[in-house]
Each structure stands twice: as C-alpha cells, then as structure tokens.
Amino acid sequence: MDLGIAGKRALVCASSKGLGRGCAEALADAGVDLVMNARGAEALEAAAHDLRARYQVNVTTVAADITTEAGRAAVLAQGPFDILVTNAGGPPPGMWSDWAREDFIKALDANMLTPIALMQAVLPGMMAKGWGRVVNITSVSVKSPVAVLGLSNSARAGLTGFVAGTSRQVASKGVTINNLLPGIHATDRAIALDGAVVKAKGISMEEAISERAATIPAGRYGTPSEFGAACAFLCSQHAGFIVGQNVLLDGGATNATL
C-alpha cells in the first residue's frame with residue numbers, strides 16, 4: 001500500500017534503536033525524510049547511515065536529551081515537521097513505597113511533559129498547512145496498569161488525557177493525534193525487565209522470556225518492525241479519520257472487550 005506520505009518530513013524521538021528505530025525505518029520505507037533524535041550520538045549516527053543507504057531519504061540527526069529545554073530546542077530547530085513521533089524510555093520499575101516526589105517529577109518530564117511540549121511546538125505549523133500527524137508511543141499500562149510500573153502508569157495516563165482533548169481540537173485542521181500502546185516487544189526495555197525476573201527468581205534469561213511469552217496469546221514478543229508499520233499507517237494519508245485513539249499492540253495480552 002502506498003501510504004501517500006513520500007516527501008513529508010518527520011521527527012522521530014528516541015529513534016536510534018527499539019520501537020523508535022522501528023518507526024523511523026517504516027517511515028523511511030514510505031519515502032519520508034527524517035530528523036532522528038537520541039542521546040547517544042554513535043548509535044544514532046549508525047542508525048541514520050543505515051536508513052540513508054537503504055531508503056535513499058534525507059536523514060538529519062540530533063544527539064540530545066529531548067527531556068531538556070535545550071534538547072528540544074536543538075531538535076525543533078530542524079523543523080518544520082509534517083509528522084511527529086514522540087518516544088522516551090520508561091521509568092524504572094519498583095513498588096509504590098520506593099518513589100519520592102522527585103521520581104514522579106522525572107517520570108512526568110520524560111513521559112508526559114516532553115511530548116506535550118513537542119506537540120505544542122509543532123501543532124500550529126501543521127494546522128496552518130492543513131495536514132499533520134502525531135503518534136505518541138505510550139504503553140499498554142494505560143489500558144491495563146502494570147503494578148511494578150507505577151511511575152510509567154501515572155505519567156503516561158496523564159499524556160493520554162491531554163491527547164484525548166487536544167486531538168479533537170485540531171482534527172478539523174487536518175491534524176490527527178493518536179497513541180500507540182506497546183505491550184512486550186523484543187527491545188532493550190524488555191531485556192531489562194526480564195533481567196529483573198532472572199535475578200528475582202534465579203532462572204535463566206531464556207526461562208524468563210519463555211514465561212512472559214506464555215502470557216501473550218500470540219505466543220511471542222512483538223518486533224520493532226511490525227510496531228513501526230502500525231506507526232507508519234497512522235501517519236499515512238489513509239488515517240485521517242482516526243482521531244484520539246489508543247491502539248494496543250500487545251499480541252492480545254490485554255484481556256478486554258473494548
């Protein structure tokens with residue numbers, strides 16, 4: 001399917017690896033020029049070089065911490081953008097009694113306030129042009145909270161509330177905002193969480209992965225490439241009537257009717 005977005009310009013955050021990289025690759029495959037951001041310059045440049053070579057699109061890199069004002073300014077200076085994909089690593093797991101106010105502020109900065117700031121920066125330009133796409137990578141925990149991810153549950157739920165209202169305010173201008181809610185995917189984040197299980201239970205990494213995969217009806221972890229394909233569709237010309245939605249990509253793990 002031709003997504004109809006060749007020649008558009010996209011900002012993809014945290015895109016040197018994992019789900020962000022999957023989104024950047026799917027957009028590049030659709031002919032979209034990219035501004036890729038991540039904190040680690042070496043991994044970011046390697047990812048950008050690969051996408052340039054394989055898809056012949058323009059790729060600009062900005063190595064910066066997107067959660068800081070300076071980092072956002074550096075990235076936004078590469079605009080204007082037709083497409084925005086927000087993404088940031090989740091806060092560490094723990095118990096409700098582990099966290100102080102500072103921990104919540106840090107989580108809110110990364111997983112709520114930063115994507116909101118980016119949207120506030122790019123939405124006016126998109127609305128003026130009469131076309132734009134925003135996809136926020138959030139978490140399955142928005143639909144079904146994960147007990148040990150209380151920081152993530154809190155921050156991402158706040159972002160979801162903001163998107164619910166804002167998406168309906170900008171839709172008449174040809175701009176859509178939606179959220180992608182990943183379940184377990186084969187990324188560094190999954191490895192870190194599986195590593196915690198290994199330590200807690202004294203089992204092997206293979207056993208930890210097998211245990212978690214057994215909880216997913218699809219029987220496996222998701223891949224960054226299939227996640228990226230879903231993101232690219234939401235950014236396409238065909239998705240203009242999808243507004244303010246929270247789309248689960250979890251292999252059926254969330255047991256819910258709606």
# chains A, B, ... in the order shown; residues from 1 in each chain; ligands from 1
call {"tool": "closest_atom_pairs", "arguments": {"of": "stretch 103-130 of chain A", "to": "stretch 91-95 of chain A", "cutoff": "10 Å", "atoms": "only C-alpha atoms", "output": "JSON lines"}}
result
{"residue": "A:Asp103", "atom": "CA", "partner": "A:Pro91", "partner_atom": "CA", "distance": 8.6}
{"residue": "A:Phe104", "atom": "CA", "partner": "A:Pro91", "partner_atom": "CA", "distance": 9.1}
{"residue": "A:Lys106", "atom": "CA", "partner": "A:Pro91", "partner_atom": "CA", "distance": 8.3}
{"residue": "A:Ala107", "atom": "CA", "partner": "A:Pro91", "partner_atom": "CA", "distance": 5.9}
{"residue": "A:Leu108", "atom": "CA", "partner": "A:Pro91", "partner_atom": "CA", "distance": 9.4}
{"residue": "A:Ala110", "atom": "CA", "partner": "A:Pro91", "partner_atom": "CA", "distance": 8.4}
{"residue": "A:Asn111", "atom": "CA", "partner": "A:Pro91", "partner_atom": "CA", "distance": 8.4}
call {"tool": "select_by_dssp", "arguments": {"residues": "stretch 11-257 of chain A", "states": "strand (DSSP E)", "output": "PyMOL selection string"}}
result
chain A and resi 11-12+33-38+59-63+83-86+132-137+175-182+246-249
call {"tool": "write_last_selection", "arguments": {"atoms": "N, CA and C atoms", "output": "tab-separated table (two decimals), in the first residue's frame"}}
result
chain	number	residue	atom	x	y	z
A	11	LEU	N	9.82	14.05	12.55
A	11	LEU	CA	10.69	13.99	13.72
A	11	LEU	C	10.34	12.73	14.49
A	12	VAL	N	11.33	11.87	14.70
A	12	VAL	CA	11.12	10.63	15.44
A	12	VAL	C	12.08	10.64	16.63
A	33	ASP	N	11.35	11.89	4.76
A	33	ASP	CA	12.63	12.39	5.25
A	33	ASP	C	12.57	12.50	6.77
A	34	LEU	N	13.69	12.22	7.42
A	34	LEU	CA	13.68	12.07	8.87
A	34	LEU	C	14.61	13.04	9.58
A	35	VAL	N	14.16	13.45	10.77
A	35	VAL	CA	15.04	14.01	11.78
A	35	VAL	C	15.00	13.01	12.93
A	36	MET	N	16.13	12.37	13.16
A	36	MET	CA	16.22	11.34	14.19
A	36	MET	C	16.92	11.90	15.42
A	37	ASN	N	16.37	11.58	16.57
A	37	ASN	CA	16.93	12.08	17.83
A	37	ASN	C	17.17	10.93	18.79
A	38	ALA	N	18.26	11.01	19.53
A	38	ALA	CA	18.55	10.12	20.65
A	38	ALA	C	19.68	10.76	21.43
A	59	VAL	N	18.19	12.13	5.99
A	59	VAL	CA	18.13	11.86	7.43
A	59	VAL	C	19.08	12.81	8.15
A	60	THR	N	18.52	13.62	9.04
A	60	THR	CA	19.29	14.52	9.89
A	60	THR	C	19.29	13.96	11.30
A	61	THR	N	20.42	14.01	11.98
A	61	THR	CA	20.50	13.51	13.34
A	61	THR	C	20.73	14.66	14.32
A	62	VAL	N	20.10	14.54	15.48
A	62	VAL	CA	20.32	15.50	16.56
A	62	VAL	C	20.51	14.68	17.84
A	63	ALA	N	21.76	14.59	18.29
A	63	ALA	CA	22.05	13.88	19.52
A	63	ALA	C	21.81	14.83	20.69
A	83	ILE	N	5.19	15.34	10.45
A	83	ILE	CA	4.92	14.17	11.28
A	83	ILE	C	5.77	14.26	12.54
A	84	LEU	N	5.17	13.94	13.67
A	84	LEU	CA	5.89	13.87	14.94
A	84	LEU	C	5.61	12.52	15.60
A	85	VAL	N	6.68	11.82	15.96
A	85	VAL	CA	6.56	10.58	16.72
A	85	VAL	C	7.30	10.80	18.03
A	86	THR	N	6.55	10.89	19.14
A	86	THR	CA	7.19	11.09	20.43
A	86	THR	C	7.47	9.74	21.08
A	132	GLY	N	-1.24	17.17	9.24
A	132	GLY	CA	-0.21	16.77	10.19
A	132	GLY	C	-0.58	15.47	10.87
A	133	ARG	N	0.44	14.77	11.34
A	133	ARG	CA	0.24	13.51	12.04
A	133	ARG	C	1.13	13.49	13.28
A	134	VAL	N	0.54	13.13	14.41
A	134	VAL	CA	1.30	12.94	15.64
A	134	VAL	C	0.97	11.56	16.19
A	135	VAL	N	2.01	10.80	16.49
A	135	VAL	CA	1.85	9.50	17.13
A	135	VAL	C	2.71	9.50	18.38
A	136	ASN	N	2.08	9.24	19.52
A	136	ASN	CA	2.81	9.14	20.78
A	136	ASN	C	2.96	7.67	21.15
A	137	ILE	N	4.19	7.25	21.40
A	137	ILE	CA	4.42	5.89	21.88
A	137	ILE	C	4.26	5.91	23.40
A	175	VAL	N	-5.22	17.62	11.15
A	175	VAL	CA	-4.15	17.10	12.00
A	175	VAL	C	-4.72	16.01	12.90
A	176	THR	N	-4.09	14.85	12.92
A	176	THR	CA	-4.53	13.78	13.80
A	176	THR	C	-3.47	13.50	14.86
A	177	ILE	N	-3.94	13.17	16.05
A	177	ILE	CA	-3.06	12.75	17.14
A	177	ILE	C	-3.58	11.43	17.68
A	178	ASN	N	-2.73	10.42	17.74
A	178	ASN	CA	-3.10	9.12	18.27
A	178	ASN	C	-1.96	8.55	19.09
A	179	ASN	N	-2.28	7.56	19.90
A	179	ASN	CA	-1.27	6.91	20.74
A	179	ASN	C	-1.14	5.44	20.36
A	180	LEU	N	0.08	4.97	20.34
A	180	LEU	CA	0.35	3.54	20.18
A	180	LEU	C	0.77	2.98	21.52
A	181	LEU	N	0.14	1.90	21.94
A	181	LEU	CA	0.36	1.32	23.26
A	181	LEU	C	1.05	-0.03	23.13
A	182	PRO	N	2.38	-0.05	23.20
A	182	PRO	CA	3.07	-1.33	23.04
A	182	PRO	C	2.96	-2.20	24.28
A	246	ASN	N	-6.28	5.12	21.18
A	246	ASN	CA	-5.22	4.42	21.89
A	246	ASN	C	-5.17	3.00	21.36
A	247	VAL	N	-4.19	2.75	20.51
A	247	VAL	CA	-4.14	1.49	19.77
A	247	VAL	C	-3.17	0.53	20.45
A	248	LEU	N	-3.71	-0.61	20.88
A	248	LEU	CA	-2.90	-1.63	21.54
A	248	LEU	C	-2.14	-2.46	20.53
A	249	LEU	N	-0.85	-2.66	20.80
A	249	LEU	CA	-0.06	-3.63	20.04
A	249	LEU	C	0.59	-4.54	21.07
call {"tool": "atom_distance", "arguments": {"atom1": "atom CA of A:Thr187", "atom2": "atom CA of A:Arg9"}}
result
25.7 Å
call {"tool": "closest_residue", "arguments": {"among": "A:Gly240, A:Leu234, A:Arg39, A:Gly251", "to": "A:Ala213", "atoms": "only C-alpha atoms"}}
result
A:Gly251
call {"tool": "select_by_dssp", "arguments": {"residues": "stretch 21-139 of chain A", "states": "helix (DSSP H, G or I)", "output": "PyMOL selection string"}}
result
chain A and resi 21-29+41-55+69-76+96-98+101-129
call {"tool": "closest_residue", "arguments": {"among": "A:Val243, A:Val148, A:Ala253, A:Leu123", "to": "A:Val197", "atoms": "only C-alpha atoms"}}
result
A:Val148
call {"tool": "closest_residue", "arguments": {"among": "A:Ala6, A:Ile105, A:Leu51, A:Ala43", "to": "A:Leu151", "atoms": "only C-alpha atoms"}}
result
A:Ile105
call {"tool": "residues_around", "arguments": {"residues": "stretch 221-231 of chain A", "least_positions_apart": "5", "cutoff": "6 Å", "atoms": "only C-alpha atoms", "output": "PyMOL selection string"}}
result
chain A and resi 19+22-23+26+184-186
call {"tool": "write_last_selection", "arguments": {"atoms": "all heavy atoms", "output": "PDB file, in the first residue's frame"}}
result
ATOM      1  N   LEU A  19      11.713   0.573  19.545  1.00  0.00           N
ATOM      2  CA  LEU A  19      10.476   0.918  18.859  1.00  0.00           C
ATOM      3  C   LEU A  19      10.604   2.201  18.049  1.00  0.00           C
ATOM      4  O   LEU A  19      10.021   2.320  16.965  1.00  0.00           O
ATOM      5  CB  LEU A  19       9.338   1.044  19.872  1.00  0.00           C
ATOM      6  CG  LEU A  19       9.032  -0.217  20.690  1.00  0.00           C
ATOM      7  CD1 LEU A  19       7.856   0.038  21.629  1.00  0.00           C
ATOM      8  CD2 LEU A  19       8.758  -1.414  19.794  1.00  0.00           C
ATOM      9  N   GLY A  22      12.185   1.312  14.867  1.00  0.00           N
ATOM     10  CA  GLY A  22      11.218   0.645  14.004  1.00  0.00           C
ATOM     11  C   GLY A  22      10.311   1.633  13.304  1.00  0.00           C
ATOM     12  O   GLY A  22      10.001   1.483  12.116  1.00  0.00           O
ATOM     13  N   CYS A  23       9.884   2.673  14.024  1.00  0.00           N
ATOM     14  CA  CYS A  23       9.032   3.707  13.424  1.00  0.00           C
ATOM     15  C   CYS A  23       9.793   4.502  12.369  1.00  0.00           C
ATOM     16  O   CYS A  23       9.270   4.788  11.290  1.00  0.00           O
ATOM     17  CB  CYS A  23       8.497   4.637  14.503  1.00  0.00           C
ATOM     18  SG  CYS A  23       7.367   3.847  15.674  1.00  0.00           S
ATOM     19  N   ALA A  26      10.140   2.385   9.176  1.00  0.00           N
ATOM     20  CA  ALA A  26       8.903   2.259   8.405  1.00  0.00           C
ATOM     21  C   ALA A  26       8.573   3.559   7.679  1.00  0.00           C
ATOM     22  O   ALA A  26       8.092   3.542   6.535  1.00  0.00           O
ATOM     23  CB  ALA A  26       7.758   1.853   9.332  1.00  0.00           C
ATOM     24  N   ILE A 184       4.631  -6.181  25.197  1.00  0.00           N
ATOM     25  CA  ILE A 184       6.010  -6.668  25.266  1.00  0.00           C
ATOM     26  C   ILE A 184       6.581  -6.810  23.859  1.00  0.00           C
ATOM     27  O   ILE A 184       6.053  -7.557  23.029  1.00  0.00           O
ATOM     28  CB  ILE A 184       6.065  -8.014  26.001  1.00  0.00           C
ATOM     29  CG1 ILE A 184       5.460  -7.880  27.406  1.00  0.00           C
ATOM     30  CG2 ILE A 184       7.509  -8.502  26.105  1.00  0.00           C
ATOM     31  CD1 ILE A 184       5.230  -9.197  28.102  1.00  0.00           C
ATOM     32  N   HIS A 185       7.652  -6.089  23.594  1.00  0.00           N
ATOM     33  CA  HIS A 185       8.364  -6.182  22.329  1.00  0.00           C
ATOM     34  C   HIS A 185       9.829  -6.535  22.594  1.00  0.00           C
ATOM     35  O   HIS A 185      10.346  -6.300  23.684  1.00  0.00           O
ATOM     36  CB  HIS A 185       8.283  -4.855  21.557  1.00  0.00           C
ATOM     37  CG  HIS A 185       6.961  -4.624  20.912  1.00  0.00           C
ATOM     38  ND1 HIS A 185       5.815  -4.371  21.639  1.00  0.00           N
ATOM     39  CD2 HIS A 185       6.583  -4.616  19.606  1.00  0.00           C
ATOM     40  CE1 HIS A 185       4.793  -4.209  20.808  1.00  0.00           C
ATOM     41  NE2 HIS A 185       5.238  -4.346  19.583  1.00  0.00           N
ATOM     42  N   ALA A 186      10.457  -7.079  21.588  1.00  0.00           N
ATOM     43  CA  ALA A 186      11.858  -7.500  21.706  1.00  0.00           C
ATOM     44  C   ALA A 186      12.764  -6.283  21.616  1.00  0.00           C
ATOM     45  O   ALA A 186      13.342  -5.984  20.563  1.00  0.00           O
ATOM     46  CB  ALA A 186      12.194  -8.520  20.624  1.00  0.00           C
TER      47      ALA A 186
END
call {"tool": "residues_around", "arguments": {"residues": "A:Lys129", "least_positions_apart": "6", "cutoff": "12 Å", "atoms": "only C-alpha atoms", "output": "list in words"}}
result
Pro80, Phe81, Asp82, Val122, Leu123, Lys173, Gly174 and Val175 of chain A
call {"tool": "write_last_selection", "arguments": {"atoms": "N, CA and C atoms", "output": "PDB file, in the first residue's frame"}}
result
ATOM      1  N   PRO A  80      10.287  22.940   9.876  1.00  0.00           N
ATOM      2  CA  PRO A  80       9.007  22.421  10.363  1.00  0.00           C
ATOM      3  C   PRO A  80       8.816  20.940  10.032  1.00  0.00           C
ATOM      4  N   PHE A  81       7.864  20.323  10.719  1.00  0.00           N
ATOM      5  CA  PHE A  81       7.617  18.901  10.569  1.00  0.00           C
ATOM      6  C   PHE A  81       6.174  18.647  10.158  1.00  0.00           C
ATOM      7  N   ASP A  82       6.006  17.634   9.318  1.00  0.00           N
ATOM      8  CA  ASP A  82       4.673  17.159   8.949  1.00  0.00           C
ATOM      9  C   ASP A  82       4.216  16.050   9.891  1.00  0.00           C
ATOM     10  N   VAL A 122       4.829  21.948  17.502  1.00  0.00           N
ATOM     11  CA  VAL A 122       4.647  21.613  16.080  1.00  0.00           C
ATOM     12  C   VAL A 122       3.205  21.737  15.600  1.00  0.00           C
ATOM     13  N   LEU A 123       2.234  21.669  16.498  1.00  0.00           N
ATOM     14  CA  LEU A 123       0.838  21.680  16.051  1.00  0.00           C
ATOM     15  C   LEU A 123       0.439  22.956  15.310  1.00  0.00           C
ATOM     16  N   LYS A 173      -8.541  20.725  11.372  1.00  0.00           N
ATOM     17  CA  LYS A 173      -7.473  21.343  10.577  1.00  0.00           C
ATOM     18  C   LYS A 173      -6.643  20.319   9.827  1.00  0.00           C
ATOM     19  N   GLY A 174      -7.100  19.069   9.788  1.00  0.00           N
ATOM     20  CA  GLY A 174      -6.360  18.042   9.057  1.00  0.00           C
ATOM     21  C   GLY A 174      -5.234  17.418   9.835  1.00  0.00           C
ATOM     22  N   VAL A 175      -5.224  17.618  11.145  1.00  0.00           N
ATOM     23  CA  VAL A 175      -4.150  17.097  12.003  1.00  0.00           C
ATOM     24  C   VAL A 175      -4.723  16.010  12.901  1.00  0.00           C
TER      25      VAL A 175
END
call {"tool": "atom_distance", "arguments": {"atom1": "atom CA of A:Asp109", "atom2": "atom CA of A:Thr68"}}
result
8.5 Å
call {"tool": "residues_around", "arguments": {"residues": "A:Asp2", "least_positions_apart": "5", "cutoff": "12 Å", "atoms": "only C-alpha atoms", "output": "ChimeraX atom specification"}}
result
/A:27,29-31,232-233,235-238
call {"tool": "closest_residue", "arguments": {"among": "A:Asn153, A:Ser97, A:Thr67, A:Asn58", "to": "A:Val32", "atoms": "only C-alpha atoms"}}
result
A:Asn58
call {"tool": "closest_residue", "arguments": {"among": "A:Ala48, A:Ile116, A:Ile242, A:Ala41", "to": "A:Ala28", "atoms": "only C-alpha atoms"}}
result
A:Ala48
